[in-house]
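What's in final_34.cif: mmCIF, C-alpha atoms
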```cif
data_entry
#
loop_
_atom_site.label_atom_id
_atom_site.label_comp_id
_atom_site.auth_asym_id
_atom_site.auth_seq_id
_atom_site.Cartn_x
_atom_site.Cartn_y
_atom_site.Cartn_z
CA MET A 169 -7.52 -21.77 -4.91
CA ALA A 170 -10.11 -19.21 -6.03
CA MET A 171 -9.61 -20.22 -9.68
CA TRP A 172 -9.41 -23.96 -9.04
CA HIS A 173 -12.52 -24.68 -11.10
CA VAL A 174 -11.04 -23.12 -14.27
CA ARG A 175 -7.44 -24.22 -13.88
CA ALA A 176 -7.57 -26.37 -17.01
CA GLU A 177 -8.68 -23.40 -19.12
CA ILE A 178 -6.02 -21.02 -17.83
CA ALA A 179 -3.19 -23.56 -17.63
CA PRO A 180 -1.60 -22.46 -20.96
CA ALA A 181 -1.21 -18.87 -19.73
CA ILE A 182 1.79 -17.59 -17.86
CA LEU A 183 0.52 -17.61 -14.30
CA LEU A 184 1.63 -15.14 -11.66
CA VAL A 185 1.47 -17.14 -8.44
CA VAL A 186 2.90 -16.61 -4.97
CA HIS A 187 3.59 -20.35 -4.78
CA PHE A 188 2.50 -23.63 -6.36
CA GLY A 189 0.74 -24.82 -3.20
CA GLY A 190 -2.75 -24.42 -4.65
CA TRP A 191 -1.84 -26.72 -7.52
CA TYR A 192 -1.07 -29.67 -5.27
CA LYS A 193 -3.64 -32.24 -4.31
CA LEU A 194 -3.64 -35.33 -2.16
CA ASP A 195 -3.24 -38.63 -3.91
CA SER A 196 -5.16 -40.75 -1.43
CA LYS A 197 -4.10 -44.05 -3.00
CA SER A 198 -0.36 -43.40 -2.97
CA ALA A 199 -0.40 -41.30 0.20
CA GLY A 200 -2.19 -43.87 2.29
CA GLY A 201 -3.98 -41.07 4.09
CA ASN A 202 -0.78 -39.17 4.81
CA SER A 203 -1.68 -35.50 4.37
CA SER A 204 1.97 -34.48 3.90
CA HIS A 205 2.21 -36.37 0.60
CA MET A 206 1.41 -34.23 -2.42
CA ILE A 207 1.73 -34.52 -6.15
CA GLN A 208 2.26 -31.62 -8.51
CA HIS A 209 -0.01 -31.00 -11.46
CA THR A 210 1.62 -30.39 -14.83
CA GLN A 211 -0.53 -27.29 -15.36
CA VAL A 212 2.06 -25.24 -13.48
CA SER A 213 5.73 -25.17 -14.24
CA LEU A 214 8.78 -23.10 -13.40
CA LEU A 215 9.43 -23.21 -17.13
CA LYS A 216 6.49 -20.91 -17.93
CA ASP A 217 5.06 -19.51 -14.69
CA VAL A 218 6.33 -16.69 -12.49
CA ILE A 219 6.59 -16.77 -8.71
CA VAL A 220 5.78 -13.32 -7.33
CA PRO A 221 6.29 -11.92 -3.82
CA TYR A 222 3.56 -11.35 -1.29
CA THR A 223 2.97 -7.76 -0.25
CA HIS A 224 4.68 -7.37 3.11
CA LEU A 225 2.40 -6.33 5.97
CA LEU A 226 5.01 -4.65 8.16
CA PRO A 227 6.65 -1.26 7.56
CA THR A 228 10.12 -1.17 6.06
CA LEU A 229 13.02 -0.73 8.46
CA HIS A 230 15.99 1.03 6.89
CA LEU A 231 19.53 -0.01 7.73
CA SER A 232 20.23 3.32 9.44
CA GLU A 233 17.32 2.59 11.82
CA ASN A 234 18.57 -0.87 12.81
CA MET A 235 18.89 -1.36 16.58
CA ASP A 236 20.20 -4.03 18.94
CA ARG A 237 18.73 -7.49 18.38
CA PRO A 238 18.85 -9.49 21.65
CA THR A 239 16.69 -12.39 20.39
CA LEU A 240 18.35 -15.13 18.34
CA LEU A 241 15.33 -16.48 16.47
CA TYR A 242 11.72 -15.28 16.15
CA PHE A 243 8.54 -16.81 14.81
CA LYS A 244 4.94 -15.66 15.04
CA GLY A 245 2.02 -17.59 13.58
CA ALA A 246 -0.26 -20.54 14.09
CA LYS A 247 1.35 -23.69 15.42
CA HIS A 248 -1.13 -26.15 13.95
CA ARG A 249 -1.30 -26.19 10.16
CA HIS A 250 -1.91 -28.78 7.46
CA ARG A 251 0.30 -30.45 4.86
CA GLY A 252 3.81 -29.00 5.16
CA GLY A 253 2.75 -27.44 8.44
CA LEU A 254 3.65 -30.68 10.19
CA VAL A 255 7.25 -29.48 10.01
CA ARG A 256 6.20 -26.27 11.75
CA GLU A 257 4.60 -28.16 14.63
CA LYS A 258 7.72 -30.25 15.23
CA LEU A 259 9.96 -27.19 15.03
CA TRP A 260 7.71 -25.41 17.50
CA ASP A 261 8.12 -28.19 20.05
CA LEU A 262 11.89 -28.27 19.54
CA MET A 263 12.33 -24.50 19.92
CA LEU A 264 9.80 -23.74 22.63
CA ASN A 265 12.18 -23.97 25.60
CA GLU A 266 15.25 -22.41 23.99
CA PRO A 267 16.21 -19.34 26.08
CA ASP A 268 16.89 -16.93 23.20
CA VAL A 269 14.14 -18.10 20.85
CA VAL A 270 10.65 -16.55 20.72
CA MET A 271 7.79 -18.67 19.36
CA GLU A 272 4.48 -16.79 19.49
CA GLU A 273 1.03 -17.87 18.43
CA GLY A 274 -0.90 -15.09 16.80
CA PHE A 275 -2.90 -13.82 13.89
CA PRO A 276 -2.53 -10.86 11.48
CA ASN A 277 -4.73 -8.46 13.45
CA ALA A 278 -3.68 -5.10 14.90
CA THR A 279 -2.25 -6.64 18.07
CA GLY A 280 -0.44 -9.35 16.16
CA ARG A 281 1.00 -6.79 13.77
CA GLU A 282 2.53 -4.71 16.56
CA GLN A 283 3.95 -7.85 18.16
CA SER A 284 5.46 -8.89 14.84
CA ILE A 285 7.06 -5.49 14.28
CA LYS A 286 8.71 -5.64 17.70
CA GLY A 287 9.65 -9.31 17.40
CA MET A 288 11.21 -9.09 13.95
CA ARG A 289 13.07 -5.85 14.65
CA THR A 290 14.65 -7.21 17.84
CA SER A 291 15.66 -10.62 16.45
CA GLU A 292 18.74 -11.64 14.49
CA PHE A 293 16.91 -14.35 12.56
CA CYS A 294 13.28 -14.98 11.57
CA LEU A 295 12.07 -18.53 11.12
CA HIS A 296 10.26 -19.38 7.90
CA PRO A 297 8.86 -22.93 7.98
CA ALA A 298 6.10 -24.18 5.71
CA GLY A 299 2.47 -23.84 6.75
CA ASP A 300 -0.55 -24.72 4.63
CA THR A 301 1.45 -23.36 1.71
CA PRO A 302 5.17 -23.36 0.85
CA SER A 303 5.49 -19.57 1.19
CA SER A 304 3.84 -16.68 3.02
CA CYS A 305 4.12 -12.94 3.58
CA ARG A 306 6.21 -13.72 6.69
CA LEU A 307 9.31 -14.06 4.53
CA PHE A 308 8.84 -10.62 3.01
CA ASP A 309 7.99 -9.10 6.39
CA ALA A 310 11.36 -10.41 7.57
CA VAL A 311 13.11 -8.76 4.62
CA ALA A 312 11.32 -5.48 5.35
CA SER A 313 12.36 -5.78 9.02
CA LEU A 314 16.02 -6.64 8.25
CA CYS A 315 15.53 -9.91 10.13
CA ILE A 316 17.64 -12.59 8.43
CA PRO A 317 15.23 -15.24 7.06
CA VAL A 318 15.83 -18.85 8.06
CA ILE A 319 14.04 -20.89 5.41
CA VAL A 320 13.35 -24.49 6.43
CA SER A 321 12.52 -26.35 3.24
CA ASP A 322 13.97 -28.99 0.95
CA ASP A 323 12.26 -27.52 -2.10
CA ILE A 324 10.79 -24.03 -2.21
CA GLU A 325 10.08 -21.69 -5.11
CA LEU A 326 11.04 -18.06 -4.52
CA PRO A 327 10.44 -14.87 -6.52
CA PHE A 328 13.01 -13.53 -8.98
CA GLU A 329 15.58 -16.29 -8.60
CA GLY A 330 18.28 -15.81 -11.19
CA MET A 331 17.95 -12.06 -10.69
CA ILE A 332 18.82 -12.15 -7.01
CA ASP A 333 20.74 -14.68 -4.93
CA TYR A 334 18.82 -15.52 -1.76
CA THR A 335 21.88 -17.15 -0.17
CA GLU A 336 23.37 -13.65 0.18
CA PHE A 337 20.72 -12.62 2.71
CA SER A 338 18.96 -15.81 3.86
CA ILE A 339 19.83 -19.05 5.63
CA PHE A 340 18.57 -22.27 4.03
CA VAL A 341 18.14 -25.33 6.24
CA SER A 342 17.01 -28.80 5.23
CA VAL A 343 14.00 -30.28 6.99
CA GLY A 344 16.15 -33.17 8.21
CA ASN A 345 18.69 -30.92 9.92
CA ALA A 346 16.01 -28.64 11.36
CA MET A 347 14.33 -31.65 12.99
CA ARG A 348 17.49 -32.57 14.92
CA PRO A 349 17.31 -31.31 18.53
CA LYS A 350 19.36 -28.13 19.06
CA TRP A 351 20.91 -28.36 15.58
CA LEU A 352 19.31 -25.18 14.25
CA THR A 353 19.97 -22.98 17.28
CA ASP A 354 23.58 -24.19 17.53
CA TYR A 355 24.07 -23.46 13.84
CA LEU A 356 22.67 -19.93 14.12
CA ARG A 357 24.68 -19.14 17.25
CA ASN A 358 27.87 -20.02 15.38
CA ILE A 359 27.26 -17.42 12.67
CA SER A 360 29.66 -14.55 13.29
CA LYS A 361 28.65 -10.94 13.79
CA GLN A 362 30.53 -10.08 10.62
CA GLN A 363 28.45 -12.58 8.64
CA LYS A 364 25.20 -11.31 10.18
CA ASP A 365 26.12 -7.71 9.39
CA GLU A 366 26.81 -8.68 5.79
CA PHE A 367 23.48 -10.52 5.53
CA ARG A 368 21.72 -7.45 6.89
CA ARG A 369 23.43 -5.09 4.44
CA ASN A 370 22.39 -7.41 1.63
CA LEU A 371 18.82 -7.46 2.97
CA ALA A 372 18.75 -3.68 2.83
CA GLY A 373 19.96 -3.87 -0.75
CA VAL A 374 17.06 -6.05 -1.92
CA GLN A 375 14.18 -4.52 0.07
CA HIS A 376 13.08 -2.37 -2.89
CA ILE A 377 12.79 -5.43 -5.14
CA PHE A 378 9.81 -6.68 -3.11
CA GLU A 379 8.01 -3.33 -2.99
CA TYR A 380 4.69 -2.89 -4.81
CA GLU A 381 2.96 0.43 -5.31
CA ASN A 382 0.44 -0.64 -2.69
CA SER A 383 3.03 -1.81 -0.18
CA HIS A 384 2.67 -0.92 3.46
CA GLU A 385 -0.01 1.74 3.92
CA SER A 386 2.13 3.98 6.12
CA SER A 387 4.86 4.25 3.51
CA LYS A 388 5.44 7.87 2.52
CA VAL A 389 7.34 7.04 -0.64
CA SER A 390 6.13 5.47 -3.85
CA ALA A 391 7.37 2.10 -5.02
CA PRO A 392 10.81 2.24 -6.69
CA GLU A 393 11.00 2.06 -10.47
CA ASP A 394 12.98 -1.15 -10.14
CA GLY A 395 10.55 -2.69 -7.66
CA ALA A 396 8.42 -5.83 -7.69
CA VAL A 397 6.27 -4.97 -10.72
CA ASN A 398 9.26 -4.22 -12.92
CA HIS A 399 10.97 -7.45 -11.83
CA ILE A 400 7.80 -9.43 -12.59
CA TRP A 401 7.77 -8.09 -16.17
CA LYS A 402 11.46 -8.89 -16.55
CA LYS A 403 10.80 -12.43 -15.36
CA ILE A 404 7.89 -12.84 -17.76
CA HIS A 405 10.10 -11.69 -20.62
CA GLN A 406 12.68 -14.33 -19.66
CA LYS A 407 10.02 -17.04 -19.93
CA LEU A 408 9.03 -16.32 -23.53
CA SER A 409 11.95 -18.03 -25.26
CA MET A 410 11.59 -21.09 -23.01
CA ILE A 411 7.87 -21.32 -23.80
CA GLN A 412 8.50 -21.02 -27.52
CA GLU A 413 11.16 -23.73 -27.30
CA ALA A 414 8.82 -26.06 -25.38
CA VAL A 415 6.03 -25.55 -27.94
CA THR A 416 8.41 -26.19 -30.84
CA ARG A 417 9.73 -29.37 -29.27
CA GLU A 418 6.21 -30.61 -28.58
CA LYS A 419 5.21 -30.05 -32.23
CA ARG A 420 8.04 -32.26 -33.55
CA LYS A 421 7.36 -35.14 -31.14
CA PRO A 422 6.92 -38.34 -33.22
CA GLU A 423 3.61 -40.13 -33.05
CA GLY A 424 3.65 -42.78 -30.35
CA ALA A 425 6.57 -41.24 -28.47
CA SER A 426 6.16 -41.25 -24.70
CA ILE A 427 7.95 -38.02 -23.83
CA PRO A 428 6.56 -36.24 -20.75
CA LEU A 429 4.83 -32.93 -21.40
CA ARG A 430 7.15 -30.15 -20.19
CA CYS A 431 4.38 -27.60 -19.71
CA HIS A 432 0.89 -26.68 -20.88
CA CYS A 433 2.23 -24.06 -23.27
CA THR A 434 0.83 -22.36 -26.37
CA TRP A 435 2.36 -19.93 -28.86
CA PRO A 436 1.56 -17.15 -29.17
CA PRO A 437 0.65 -17.25 -25.51
CA LEU A 438 -2.76 -16.41 -24.11
CA LEU A 439 -3.46 -13.47 -21.84
CA VAL A 440 -6.07 -13.90 -19.13
CA VAL A 441 -6.97 -10.29 -18.34
CA ASN A 442 -9.76 -10.95 -15.89
CA PRO A 443 -10.17 -14.64 -15.04
CA SER A 444 -13.50 -14.07 -13.28
CA ARG A 445 -15.02 -12.75 -16.52
CA LYS A 446 -12.91 -14.98 -18.79
CA ALA A 447 -11.72 -11.95 -20.73
CA GLN A 448 -8.94 -13.17 -22.99
CA MET A 449 -6.51 -11.72 -25.50
CA THR A 450 -3.77 -13.16 -27.64
CA ALA A 451 -0.23 -11.93 -27.27
CA SER A 452 -0.38 -10.27 -30.69
CA GLN A 453 -2.83 -7.76 -29.22
CA LEU A 454 -0.20 -6.56 -26.78
CA ILE A 455 2.74 -4.24 -27.28
CA SER A 456 4.99 -7.20 -26.52
CA PRO A 457 3.98 -10.88 -26.33
CA LEU A 458 3.59 -11.06 -22.59
CA VAL A 459 1.01 -13.12 -20.79
CA VAL A 460 -0.41 -12.69 -17.32
CA ALA A 461 -2.97 -14.50 -15.26
CA ASN A 462 -3.22 -12.07 -12.38
CA MET A 463 -4.19 -14.44 -9.61
CA SER A 464 -3.06 -16.24 -6.50
CA MET A 465 -3.85 -19.92 -6.44
#
```

Target encoding structure tokens, full file:
Amino acid sequence: MAMWHVRAEIAPAILLVVHFGGWYKLDSKSAGGNSSHMIQHTQVSLLKDVIVPYTHLLPTLHLSENMDRPTLLYFKGAKHRHRGGLVREKLWDLMLNEPDVVMEEGFPNATGREQSIKGMRTSEFCLHPAGDTPSSCRLFDAVASLCIPVIVSDDIELPFEGMIDYTEFSIFVSVGNAMRPKWLTDYLRNISKQQKDEFRRNLAGVQHIFEYENSHESSKVSAPEDGAVNHIWKKIHQKLSMIQEAVTREKRKPEGASIPLRCHCTWPPLLVVNPSRKAQMTASQLISPLVVANMSM
């Protein structure tokens, strides 16, 4: 949201965003005042933009350090949120009295951090419902804690899809099923120990992919060479041919044709080095034609 006022100018760049939530706005006419109804702007697109992971706030738990997990499902955060957070509120009410589920209100301060470390490391599953935004660092804290993520969403963008398969270490649940009383807890209880162990091994195998050089401050090791930054550059490189194709197709569109714009793309792409100062470069000035708007909407 910090760059909302210049979004039209930077729309042609490849944007590095943690989610597309900041590019949604309420359409008061069609929504009828319903804050859960959003429309997506064409300035952002999975065709050209790259979803990147949040930096996790909790220290990484290695598989060899994994202990007993007596809690079935854990969530810590604010109950009352806006937009997609309505799902969170309903889930909260459904889960509150389940005997092996922990729903805690809290904030990312020192006390909340210690509670989250304990909660995630002693739980089989960690709940990831939408809040104000489709994604949050909670998902990546769960990965770092080897707590199997339970993602409640009908449509969520995740980092590095196509490079990694989230179904190998996460549970995906539709909003409709999650809203059914006891459906989610019954579903999770029926997952075998063998399946959970496999999920956890797979979690351990992808932890390094979400590590930045500035990941958790207590880490005594540097970020792996094949960590988050390297995967971001790989993902950017994958986008280039799709952007070039979209630009070429747009150029040949006949006059008067009503074909929807696939993305706000230019070729060669534009690099926004420092959006606050509007420092810009063309791709030809780079070693390779890569474009980054280093920002979080």

Identify, on the basis of all atoms listed in the file, every residue whose closest approach to Leu259 of chain A does not exceed 12 Å; exclude the query and any residue fewer than 2 positions from it along the same chain; express the result as an MDAnalysis selection string. chainID A and resid 243 247:248 252:257 261:266 269 271 295:299 320 343:353

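The residues that lie within 10 Å of the point (7.3, -17.5, -23.6), counting all atoms listed in the file, are Ala181, Ile182, Leu215, Lys216, Asp217, Ile404, His405, Gln406, Lys407, Leu408, Ser409, Met410, Ile411, Gln412, Glu413, Ala414, Val415, Cys433, Thr434, Trp435, Pro436, Pro437, Pro457, Leu458 and Val459 of chain A.
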
Which distance in Å separates atom CA of Gly287 of chain A and atom CA of Glu381 of chain A, to one decimal?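 Pair atom CA of Gly287 of chain A / atom CA of Glu381 of chain A returns 25.6 Å.
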
Option closest in space to Ala310 of chain A, from A:Glu292, A:Asp322, A:Asp268, A:Glu418 [counting all atoms listed in the file]: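 The shortest atom-to-atom distance to Ala310 of chain A comes from A:Glu292.
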
Restricting to all atoms listed in the file, whichever of A:Val311, A:Pro327, A:Ile319, A:Ala372 is closest to Glu233 of chain A is A:Ala372

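Atom CA of Thr228 of chain A sits 21.4 Å away from atom CA of Glu272 of chain A.
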
Å distance separating atom CA of Ile316 of chain A from atom CA of Asp394 of chain A, one decimal place: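 Atom-to-atom, atom CA of Ile316 of chain A to atom CA of Asp394 of chain A, that is 22.3 Å.
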
Residues matched by the PyMOL selection byres ((chain A and resi 395) around 10), written as a count of residues only: 17

Counting all atoms listed in the file, the residue of A:Gly330, A:Leu240, A:Met288, A:Leu307 that sits nearest Asn358 of chain A: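 Smallest distance to Asn358 of chain A is found for A:Leu240.
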
When you count all atoms listed in the file, which of these residues is closest to Gly373 of chain A: A:Ile359, A:Cys294, A:Ala176, A:Ile332?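 For Gly373 of chain A, the nearest of the given residues is A:Ile332.
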
Best match for closeness to Tyr242 of chain A among A:Leu225, A:Val220, A:Val185, A:Cys315, counting all atoms listed in the file: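 Smallest separation from Tyr242 of chain A among the options: A:Cys315.
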
Here's the selection I'm unsure about, the PyMOL selection byres ((chain A and resi 226) around 9); applied to the file above, which residues does it give, as a PyMOL selection string? chain A and resi 224-225+227-229+281-282+284-285+308-310+312-313+384

Okay, now the selection with C-alpha atoms, as a PDB file, in the coordinates of the input?
```
ATOM      1  CA  HIS A 224       4.680  -7.370   3.110  1.00  0.00           C
ATOM      2  CA  LEU A 225       2.400  -6.330   5.970  1.00  0.00           C
ATOM      3  CA  PRO A 227       6.650  -1.260   7.560  1.00  0.00           C
ATOM      4  CA  THR A 228      10.120  -1.170   6.060  1.00  0.00           C
ATOM      5  CA  LEU A 229      13.020  -0.730   8.460  1.00  0.00           C
ATOM      6  CA  ARG A 281       1.000  -6.790  13.770  1.00  0.00           C
ATOM      7  CA  GLU A 282       2.530  -4.710  16.560  1.00  0.00           C
ATOM      8  CA  SER A 284       5.460  -8.890  14.840  1.00  0.00           C
ATOM      9  CA  ILE A 285       7.060  -5.490  14.280  1.00  0.00           C
ATOM     10  CA  PHE A 308       8.840 -10.620   3.010  1.00  0.00           C
ATOM     11  CA  ASP A 309       7.990  -9.100   6.390  1.00  0.00           C
ATOM     12  CA  ALA A 310      11.360 -10.410   7.570  1.00  0.00           C
ATOM     13  CA  ALA A 312      11.320  -5.480   5.350  1.00  0.00           C
ATOM     14  CA  SER A 313      12.360  -5.780   9.020  1.00  0.00           C
ATOM     15  CA  HIS A 384       2.670  -0.920   3.460  1.00  0.00           C
TER      16      HIS A 384
END
```

Counting only C-alpha atoms, which residue out of A:Pro317, A:Pro267, A:Pro238, A:Pro180 sits closest to Tyr334 of chain A?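 Using only C-alpha atoms, Tyr334 of chain A sits closest to A:Pro317.
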